[in-house]
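These notes are about the structure you will find just below.
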Amino acid sequence: MRIKNINFITGVLLMLSAQSCATSPASNENAATNDEETVFTNPLLDRGADPWSYFYKGKYYYMNTVGDRLELWETADLTELREAEHKTVWRPEEGSKMHSIWAPEIHRIDGKWYIYVSIVDPDGVVPYHQMYVLENASDNPMEGTFVMKGRLQTDKGNNWGIDASVFEIGGELYATWSGWPQVYPDKQVQCIYIAHMSNPWTIDSERILISKPEYDWEMNYKEADGRNPFDKIIYVNEGPQPLVSPNGKLVHIIYSASGVWTPYYQLGLLTADASGNLLDPKSWKKSDKPVFSQNPEAGVYAPGHNSFFMSPDSSEYYILYHARDVQYDSQVQGEGRSPRAQKFTWENGYPVFGVPVAKGVELSKPSAK
């Protein structure tokens, strides 16, 4: 099966043109001007967890977790989300008990739009989070109708699963997500899995575990004061996001580690050879250190559940992530988290994200030459 039109701004397409291989985005420096047309500041919205965007025909289509429905933004400038047109594109049918609608992503595959989203359906196969796929055949996702294709079944045991993302390598389509290896009576453990897909709504291979919480920085579940807000231990690897190096040789999966309710929520890195067997767990190497963490000096805590986009002229790379302004957030469903963006660079095929930029700092807008 040949999959076409997977979103290049997520970094999952192999960028093999001479221009993209030769281009090295400028460092993420503060803007040297106060011209409102050339600068932006974080956050991009007052609230919005799990930010995601897709670039198509000169427009960015943006989503984040709303909770009870799917909301879609359309804008030519992702840093101007506050002024962007947006609308509800799907909500559960009247009488449905579906709830906790998390981490939506919109993708364009083979000429159609697909939204991947995590939902709890008490009347479904299991009464906890599973992943679902919606489809829209319209050329413009703000038009037409998103129709529920069904549940994205990840394994025979129907284990808990969230945060699906899809990507293409070598003409093959893959899904990656966060799931439970099994149900434990005294704890919850979220791991990163990958699987092959036969079409945008069907996984046709066994799920392959490629990361589990194992380093200390991945296993924080208590607040800074030592308090556990839950009645059990929770170890977290979640929010996997594919990112291919500019020369196409490496495929990375950036994931979020530790509890999002803690200030220690941060990003980890998995790397594989893009020409290798991505379904072989031995192909994936994990960084033993986080690659993007809180910046207390700047008042930025718990940065994570990121995605990626490129500037309109495809010359710059940006990380899009959520973070909060306070160390502790009692509202773990997203009220304290806001979407933010900043430029990043590359070094020897690996992304260099730097540190989260403080709220209100002026940054140069993405290049649109």
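Please note that chains go A, B, ... in the order of the structure tokens, that every chain numbers its residues from 1, and that ligands are numbered from 1 in the order shown.
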Find the residues near segment 156-170 of chain A: any atom within 8 Å, counting only C-alpha atoms, skip ones fewer than 4 places away on the same chain, and give them as an MDAnalysis selection string. chainID A and resid 3 6 12:14 102:105 116:118 125:126 128:131 174:183 238:242 274:275
Using Å and a single decimal, report how far atom CA of Ala257 of chain A sits from atom CA of Lys232 of chain A. 17.2 Å
Please build the interface table for segment 38-156 of chain A against segment 188-200 of chain A with a cut-off of 12 Å, listing for each qualifying residue the nearest atom pair and the distance in Å to one decimal; count only C-alpha atoms, order rows by chain and increasing number, and write it as CSV.
residue,atom,partner,partner_atom,distance
A:Ile106,CA,A:Pro200,CA,11.6
A:His107,CA,A:Pro200,CA,9.5
A:Arg108,CA,A:Pro200,CA,9.7
A:Ile109,CA,A:Pro200,CA,7.4
A:Asp110,CA,A:Pro200,CA,9.2
A:Gly111,CA,A:Pro200,CA,11.5
A:Lys112,CA,A:Pro200,CA,9.8
A:Trp113,CA,A:Pro200,CA,9.8
A:Tyr114,CA,A:Pro200,CA,7.6
A:Ile115,CA,A:Pro200,CA,9.8
A:Tyr116,CA,A:Pro200,CA,9.5
A:Tyr132,CA,A:Pro200,CA,10.9
A:Val133,CA,A:Pro200,CA,8.1
A:Leu134,CA,A:Pro200,CA,9.7
A:Glu135,CA,A:Pro200,CA,9.2
A:Lys149,CA,A:Pro200,CA,9.7
A:Gly150,CA,A:Pro200,CA,11.0
A:Arg151,CA,A:Pro200,CA,11.5
A:Leu152,CA,A:Pro200,CA,9.3
A:Gln153,CA,A:Met197,CA,10.8
A:Thr154,CA,A:Ala195,CA,8.1
A:Asp155,CA,A:Ala195,CA,9.8
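Separating atom CA of Tyr221 of chain A from atom CA of Lys285 of chain A is a distance of 24.1 Å.
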DSSP strand (DSSP E) selection over segment 169-249 of chain A, as a PDB file with C-alpha atoms, in the first residue's frame:
ATOM      1  CA  ILE A 169       8.328   5.857   6.105  1.00  0.00           C
ATOM      2  CA  GLU A 172       4.445   2.274   4.725  1.00  0.00           C
ATOM      3  CA  LEU A 173       2.070   3.700   7.313  1.00  0.00           C
ATOM      4  CA  TYR A 174       2.693   3.307  11.052  1.00  0.00           C
ATOM      5  CA  ALA A 175       0.868   4.234  14.226  1.00  0.00           C
ATOM      6  CA  THR A 176       2.497   5.085  17.530  1.00  0.00           C
ATOM      7  CA  TRP A 177       0.697   5.635  20.831  1.00  0.00           C
ATOM      8  CA  SER A 178       0.759   5.343  24.612  1.00  0.00           C
ATOM      9  CA  GLY A 179      -0.782   2.266  26.209  1.00  0.00           C
ATOM     10  CA  LYS A 187      -0.217   0.989  39.641  1.00  0.00           C
ATOM     11  CA  GLN A 188      -0.599   2.286  36.106  1.00  0.00           C
ATOM     12  CA  VAL A 189       2.222   2.087  33.590  1.00  0.00           C
ATOM     13  CA  CYS A 191       4.423   2.738  27.523  1.00  0.00           C
ATOM     14  CA  ILE A 192       5.132   3.757  23.930  1.00  0.00           C
ATOM     15  CA  TYR A 193       4.084   1.312  21.198  1.00  0.00           C
ATOM     16  CA  ILE A 194       4.390   1.187  17.425  1.00  0.00           C
ATOM     17  CA  ALA A 195       2.500  -0.898  14.846  1.00  0.00           C
ATOM     18  CA  HIS A 196       2.014  -1.134  11.088  1.00  0.00           C
ATOM     19  CA  MET A 197      -1.233   0.024   9.472  1.00  0.00           C
ATOM     20  CA  SER A 198      -2.956  -1.395   6.385  1.00  0.00           C
ATOM     21  CA  ASN A 199      -5.046   1.754   6.011  1.00  0.00           C
ATOM     22  CA  THR A 202      -6.657  -0.323  10.723  1.00  0.00           C
ATOM     23  CA  ILE A 203      -3.617  -1.675  12.559  1.00  0.00           C
ATOM     24  CA  ILE A 208       5.591  -3.426  19.547  1.00  0.00           C
ATOM     25  CA  LEU A 209       6.804  -1.884  22.805  1.00  0.00           C
ATOM     26  CA  ILE A 210       9.634   0.582  22.132  1.00  0.00           C
ATOM     27  CA  SER A 211       9.769   2.529  25.416  1.00  0.00           C
ATOM     28  CA  ILE A 233       1.616   4.884  41.492  1.00  0.00           C
ATOM     29  CA  ILE A 234       1.454   6.151  37.900  1.00  0.00           C
ATOM     30  CA  TYR A 235       4.471   5.917  35.590  1.00  0.00           C
ATOM     31  CA  ASN A 237       5.460   7.596  28.743  1.00  0.00           C
ATOM     32  CA  GLU A 238       2.910   9.261  26.428  1.00  0.00           C
ATOM     33  CA  GLY A 239       2.309  11.674  23.537  1.00  0.00           C
ATOM     34  CA  PRO A 240       4.725  10.091  20.990  1.00  0.00           C
ATOM     35  CA  GLN A 241       5.511  12.339  18.013  1.00  0.00           C
ATOM     36  CA  PRO A 242       7.523  11.215  14.948  1.00  0.00           C
ATOM     37  CA  LEU A 243      10.238  13.519  13.576  1.00  0.00           C
ATOM     38  CA  VAL A 244      12.522  12.648  10.653  1.00  0.00           C
TER      39      VAL A 244
END
9 Å contact set for Trp346 of chain A, only C-alpha atoms, chain neighbours under 2 positions out, as a compact mmCIF listing (two decimals) with C-alpha atoms, in the first residue's frame:
# COMPACT_ATOMS: atom_id res chain seq x y z
CA SER A 24 19.81 24.92 8.82
CA PRO A 25 17.17 26.89 10.75
CA SER A 245 15.97 14.24 10.40
CA PRO A 246 16.47 16.71 7.53
CA PHE A 344 14.58 24.55 17.17
CA ASN A 348 24.20 15.67 13.48
CA GLY A 349 20.65 14.57 12.66
CA TYR A 350 19.33 15.13 16.20
CA PRO A 351 16.93 17.90 17.24
CA VAL A 352 18.15 20.56 19.67
CA PHE A 353 15.17 22.12 21.45
